[in-house]
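J.: Attaching a single structure in structure tokens format; questions to follow.
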Amino acid sequence: MFFSKWLPRLCVLASLLFPSLSASAQQPRPADEITHFAEDVYLYRHQSHQAIFIVTSNGVIVTDPISSDAATWLKAKIATLTDQPVRYVIYSHHHNDHITGGSVFADTARFVSHAAARPKILQAADPTTPVPDLTFTDRMTIDLGGKHVELIYTGRNHSDNSLVLWIPQNSLLFAVDFIPVETVAYRALPDSYPDEWIESLKQVERLDFDILVPGHGKVGTKEHVRLFREYLEALRAAVREQLQNGASLEETKTRIRLPQYEQWYGYADWFTENVDGMYRSLSQQPRQ
Ligand SMILES: [Zn+2]
């Protein structure tokens with residue numbers, strides 16, 4: 001029992017955390033690929049975006065469709081794995097680089113999001129992005145074909161409607177754009193709520209899981225939630241100190257460095273923008 005439960009999980013972790021052990025680092029990655037995680041859970045990747053899907057005996061649960069091209073490709077791939085239809089498409093948050101293209105599943109699926117995402121998707125009026133017909137505010141459970149999936153809202157962070165998808169049976173959590181793995185935050189924190197973001201991460205840290213699947217980049221573990229929360233806290237403390245000393249935005253951007261994060265993905269390009277976004281947030285200036 002112990003091994004049947006843990007061994008697949010450990011193998012998945014090993015192959016995800018140390019991809020060079022399981023795949024050639026020399027070959028360029030294909031634009032689209034599917035990785036079998038554990039039991040009935042799969043990761044699919046389209047260029048730099050990724051999401052998960054779950055195949056059950058009574059239908060398939062898909063998360064972010066990513067784009068029309070990605071969703072069309074994904075639908076064909078799913079058909080090679082199962083005869084079951086896609087019954088749910090779950091939007092991680094309303095940003096269109098993650099949720100475009102779900103219309104290819106509209107013949108069989110219901111579309112799910114946090115309640116605050118719905119009006120934004122409605123307003124965007126993209127015919128390839130069906131408006132969610134199932135929404136929730138705090139928590140929602142989907143039980144399908146023996147699979148139990150929980151959608152949980154942990155507060156405002158990278159958007160005001162980011163959900164986490166938690167699969168207790170596989171000890172896996174899927175969260176998009178607000179818990180990057182050893183990666184700094186995106187640019188000048190557009191559309192985000194930095195103070196609440198830190199509190200949101202503390203809520204995620206209270207959930208029980210081992211594997212963290214983000215919407216971009218490498219897969220991580222629960223430990224990466226704490227690491228990213230500590231990054232945001234260090235960024236906020238450094239910016240706050242400059243503000244208290246009367247530093248301007250430009251001065252702050254030239255003064256702050258967090259060398260302990262230099263190895264993280266995106267530091268060279270986005271760290272100064274992260275400082276910019278945090279400064280504007282703390283000083284309540286408009287952000288891009
Ligand atoms: Zn986003």
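Ligands are numbered from 1 in the order shown, chains are lettered A, B, ... in the order of the structure tokens, and residues start at 1 in each chain.
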Write out as a tab-separated table the residues of chain A that have any atom within 9 Å of an atom of ligand 1, one row each with the nearest atom pair and its distance in Å to one decimal, counting only C-alpha atoms and all ligand atoms, sorted by chain and then rising number.
T.:
```
residue	atom	partner	partner_atom_place_in_ligand_line	distance
A:Ser92	CA	ligand 1	1 (Zn)	8.6
A:His93	CA	ligand 1	1 (Zn)	6.8
A:His94	CA	ligand 1	1 (Zn)	7.3
A:His95	CA	ligand 1	1 (Zn)	4.9
A:Asn96	CA	ligand 1	1 (Zn)	7.9
A:Asp97	CA	ligand 1	1 (Zn)	7.4
A:His98	CA	ligand 1	1 (Zn)	7.2
A:His158	CA	ligand 1	1 (Zn)	6.6
A:Ser159	CA	ligand 1	1 (Zn)	6.9
A:Ser162	CA	ligand 1	1 (Zn)	8.4
A:Val176	CA	ligand 1	1 (Zn)	6.9
A:Asp177	CA	ligand 1	1 (Zn)	5.2
A:Phe178	CA	ligand 1	1 (Zn)	7.7
A:Tyr186	CA	ligand 1	1 (Zn)	8.6
A:Pro190	CA	ligand 1	1 (Zn)	8.8
A:Asp191	CA	ligand 1	1 (Zn)	8.4
A:Gly215	CA	ligand 1	1 (Zn)	8.7
```
J.: Which stretch 107-171 of chain A residues have any atom within 9 Å of an atom of stretch 60-64 of chain A, and for each, what is the nearest pair of atoms with distance in Å to one decimal, counting only C-alpha atoms, rows sorted by chain and number, as JSON lines?
T.:
```
{"residue": "A:Ala109", "atom": "CA", "partner": "A:Ile61", "partner_atom": "CA", "distance": 8.7}
{"residue": "A:Leu144", "atom": "CA", "partner": "A:Val60", "partner_atom": "CA", "distance": 8.4}
{"residue": "A:Leu165", "atom": "CA", "partner": "A:Thr63", "partner_atom": "CA", "distance": 8.9}
```
J.: Find the residues around A:Leu235 up to 9 Å (only C-alpha atoms counted), leave out those fewer than 5 positions away in its own chain, and share them as a VMD selection string.
T.: chain A and resid 230 240 256 to 258 274 to 275 278
J.: Using only N, CA, C and O atoms, please write the residues we just selected to a file, as a JSON list (two decimals), in the first residue's frame.
T.:
```
[["chain", "number", "residue", "atom", "x", "y", "z"],
["A", 230, "GLU", "N", 8.62, 34.31, 0.47],
["A", 230, "GLU", "CA", 9.77, 35.01, 1.08],
["A", 230, "GLU", "C", 10.38, 36.02, 0.10],
["A", 230, "GLU", "O", 10.86, 37.08, 0.50],
["A", 240, "ARG", "N", 9.95, 49.20, 0.79],
["A", 240, "ARG", "CA", 9.38, 50.01, 1.88],
["A", 240, "ARG", "C", 10.47, 50.85, 2.57],
["A", 240, "ARG", "O", 10.26, 52.02, 2.88],
["A", 256, "ILE", "N", 17.97, 49.01, -5.31],
["A", 256, "ILE", "CA", 17.61, 47.70, -4.74],
["A", 256, "ILE", "C", 18.13, 46.54, -5.59],
["A", 256, "ILE", "O", 17.90, 46.49, -6.80],
["A", 257, "ARG", "N", 18.81, 45.63, -4.91],
["A", 257, "ARG", "CA", 19.19, 44.35, -5.51],
["A", 257, "ARG", "C", 18.91, 43.28, -4.46],
["A", 257, "ARG", "O", 19.08, 43.52, -3.27],
["A", 258, "LEU", "N", 18.49, 42.12, -4.90],
["A", 258, "LEU", "CA", 18.34, 40.98, -3.98],
["A", 258, "LEU", "C", 19.18, 39.84, -4.55],
["A", 258, "LEU", "O", 18.67, 38.95, -5.24],
["A", 274, "ASN", "N", 9.81, 44.40, -11.13],
["A", 274, "ASN", "CA", 9.15, 43.99, -9.87],
["A", 274, "ASN", "C", 9.28, 45.10, -8.83],
["A", 274, "ASN", "O", 8.31, 45.40, -8.12],
["A", 275, "VAL", "N", 10.47, 45.71, -8.76],
["A", 275, "VAL", "CA", 10.68, 46.83, -7.82],
["A", 275, "VAL", "C", 9.73, 47.97, -8.18],
["A", 275, "VAL", "O", 9.08, 48.56, -7.31],
["A", 278, "MET", "N", 6.18, 47.09, -7.12],
["A", 278, "MET", "CA", 6.02, 47.12, -5.66],
["A", 278, "MET", "C", 6.05, 48.57, -5.15],
["A", 278, "MET", "O", 5.26, 48.93, -4.27]]
```
J.: Among the residues of stretch 90-183 of chain A, find those DSSP assigns to strand (DSSP E) from the backbone and print them as an MDAnalysis selection string.
T.: chainID A and resid 90 110:114 134:136 139:144 147:153 163:167 172:175
J.: From the list A:Phe209, A:Gly217, A:Val86, A:Ala234, which residue is nearest A:His46 when using only C-alpha atoms?
T.: A:Gly217
J.: When you look at A:Leu74 with a cut-off of 12 Å (counting only C-alpha atoms), what residues show up, excluding the ones that are within fewer than 6 positions of it in the same chain? I need them as a list in words.
T.: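 Residues meeting the cut-off are Asp32, Glu33, Ile34, Tyr42, Leu43, Tyr44, Arg45, His46, Gln50, Ala51, Ile52, Phe53, Val60, Val62, Thr63, Asp64, Pro65, Ile66, Ser67, Ser68, Thr80, Leu81, Val86, Gly101, Gly102, Val104 and Phe105 of chain A.
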J.: Please save N, CA and C atoms of the selected residues as a PDB file, in the first residue's frame.
T.:
```pdb
ATOM      1  N   ASP A  32       4.568  21.608 -28.342  1.00  0.00           N
ATOM      2  CA  ASP A  32       3.464  21.014 -27.586  1.00  0.00           C
ATOM      3  C   ASP A  32       3.904  19.665 -27.056  1.00  0.00           C
ATOM      4  N   GLU A  33       3.651  19.422 -25.790  1.00  0.00           N
ATOM      5  CA  GLU A  33       3.949  18.083 -25.280  1.00  0.00           C
ATOM      6  C   GLU A  33       3.073  17.755 -24.083  1.00  0.00           C
ATOM      7  N   ILE A  34       2.899  16.443 -23.890  1.00  0.00           N
ATOM      8  CA  ILE A  34       2.123  15.954 -22.762  1.00  0.00           C
ATOM      9  C   ILE A  34       3.035  15.089 -21.900  1.00  0.00           C
ATOM     10  N   TYR A  42      -2.320  14.462 -16.137  1.00  0.00           N
ATOM     11  CA  TYR A  42      -1.357  14.780 -17.190  1.00  0.00           C
ATOM     12  C   TYR A  42      -1.050  16.281 -17.199  1.00  0.00           C
ATOM     13  N   LEU A  43       0.182  16.586 -17.567  1.00  0.00           N
ATOM     14  CA  LEU A  43       0.577  17.977 -17.809  1.00  0.00           C
ATOM     15  C   LEU A  43       0.624  18.187 -19.313  1.00  0.00           C
ATOM     16  N   TYR A  44       0.063  19.273 -19.816  1.00  0.00           N
ATOM     17  CA  TYR A  44       0.271  19.586 -21.228  1.00  0.00           C
ATOM     18  C   TYR A  44       0.894  20.964 -21.343  1.00  0.00           C
ATOM     19  N   ARG A  45       1.784  21.055 -22.314  1.00  0.00           N
ATOM     20  CA  ARG A  45       2.543  22.287 -22.480  1.00  0.00           C
ATOM     21  C   ARG A  45       2.389  22.779 -23.904  1.00  0.00           C
ATOM     22  N   HIS A  46       2.179  24.080 -24.039  1.00  0.00           N
ATOM     23  CA  HIS A  46       2.149  24.715 -25.358  1.00  0.00           C
ATOM     24  C   HIS A  46       3.097  25.909 -25.282  1.00  0.00           C
ATOM     25  N   GLN A  50       1.564  26.164 -19.709  1.00  0.00           N
ATOM     26  CA  GLN A  50       1.222  24.776 -19.397  1.00  0.00           C
ATOM     27  C   GLN A  50       0.029  24.705 -18.446  1.00  0.00           C
ATOM     28  N   ALA A  51      -0.581  23.532 -18.427  1.00  0.00           N
ATOM     29  CA  ALA A  51      -1.749  23.291 -17.573  1.00  0.00           C
ATOM     30  C   ALA A  51      -1.874  21.782 -17.399  1.00  0.00           C
ATOM     31  N   ILE A  52      -2.899  21.354 -16.655  1.00  0.00           N
ATOM     32  CA  ILE A  52      -3.062  19.919 -16.432  1.00  0.00           C
ATOM     33  C   ILE A  52      -4.431  19.464 -16.932  1.00  0.00           C
ATOM     34  N   PHE A  53      -4.573  18.161 -17.139  1.00  0.00           N
ATOM     35  CA  PHE A  53      -5.887  17.583 -17.355  1.00  0.00           C
ATOM     36  C   PHE A  53      -5.954  16.241 -16.656  1.00  0.00           C
ATOM     37  N   VAL A  60     -13.457  13.866 -18.773  1.00  0.00           N
ATOM     38  CA  VAL A  60     -12.142  14.488 -18.625  1.00  0.00           C
ATOM     39  C   VAL A  60     -12.313  15.894 -18.050  1.00  0.00           C
ATOM     40  N   VAL A  62     -10.368  19.350 -17.905  1.00  0.00           N
ATOM     41  CA  VAL A  62      -9.270  20.120 -18.501  1.00  0.00           C
ATOM     42  C   VAL A  62      -9.147  21.425 -17.718  1.00  0.00           C
ATOM     43  N   THR A  63      -7.946  21.952 -17.614  1.00  0.00           N
ATOM     44  CA  THR A  63      -7.802  23.306 -17.045  1.00  0.00           C
ATOM     45  C   THR A  63      -7.538  24.273 -18.203  1.00  0.00           C
ATOM     46  N   ASP A  64      -6.693  25.261 -18.012  1.00  0.00           N
ATOM     47  CA  ASP A  64      -6.545  26.320 -19.022  1.00  0.00           C
ATOM     48  C   ASP A  64      -6.337  25.786 -20.438  1.00  0.00           C
ATOM     49  N   PRO A  65      -7.169  26.202 -21.400  1.00  0.00           N
ATOM     50  CA  PRO A  65      -6.980  25.746 -22.784  1.00  0.00           C
ATOM     51  C   PRO A  65      -5.799  26.417 -23.496  1.00  0.00           C
ATOM     52  N   ILE A  66      -5.342  27.562 -22.969  1.00  0.00           N
ATOM     53  CA  ILE A  66      -4.145  28.296 -23.414  1.00  0.00           C
ATOM     54  C   ILE A  66      -4.357  29.077 -24.716  1.00  0.00           C
ATOM     55  N   SER A  67      -4.731  28.402 -25.798  1.00  0.00           N
ATOM     56  CA  SER A  67      -4.969  29.106 -27.067  1.00  0.00           C
ATOM     57  C   SER A  67      -5.789  28.194 -27.962  1.00  0.00           C
ATOM     58  N   SER A  68      -6.314  28.742 -29.046  1.00  0.00           N
ATOM     59  CA  SER A  68      -7.091  27.895 -29.961  1.00  0.00           C
ATOM     60  C   SER A  68      -6.239  26.777 -30.535  1.00  0.00           C
ATOM     61  N   THR A  80      -6.919  10.316 -28.097  1.00  0.00           N
ATOM     62  CA  THR A  80      -6.090   9.111 -28.232  1.00  0.00           C
ATOM     63  C   THR A  80      -5.931   8.388 -26.892  1.00  0.00           C
ATOM     64  N   LEU A  81      -6.284   9.064 -25.796  1.00  0.00           N
ATOM     65  CA  LEU A  81      -6.130   8.468 -24.463  1.00  0.00           C
ATOM     66  C   LEU A  81      -7.425   7.878 -23.914  1.00  0.00           C
ATOM     67  N   VAL A  86     -14.689  15.648 -22.739  1.00  0.00           N
ATOM     68  CA  VAL A  86     -14.252  16.659 -21.765  1.00  0.00           C
ATOM     69  C   VAL A  86     -15.498  17.241 -21.117  1.00  0.00           C
ATOM     70  N   GLY A 101      -9.428  29.799 -26.277  1.00  0.00           N
ATOM     71  CA  GLY A 101      -9.475  28.577 -27.096  1.00  0.00           C
ATOM     72  C   GLY A 101     -10.371  27.464 -26.598  1.00  0.00           C
ATOM     73  N   GLY A 102     -11.034  27.668 -25.462  1.00  0.00           N
ATOM     74  CA  GLY A 102     -11.860  26.611 -24.886  1.00  0.00           C
ATOM     75  C   GLY A 102     -13.080  26.247 -25.709  1.00  0.00           C
ATOM     76  N   VAL A 104     -13.381  24.874 -28.392  1.00  0.00           N
ATOM     77  CA  VAL A 104     -13.320  23.541 -29.024  1.00  0.00           C
ATOM     78  C   VAL A 104     -13.909  22.462 -28.103  1.00  0.00           C
ATOM     79  N   PHE A 105     -14.034  22.771 -26.814  1.00  0.00           N
ATOM     80  CA  PHE A 105     -14.613  21.796 -25.873  1.00  0.00           C
ATOM     81  C   PHE A 105     -16.082  22.086 -25.555  1.00  0.00           C
TER      82      PHE A 105
END
```
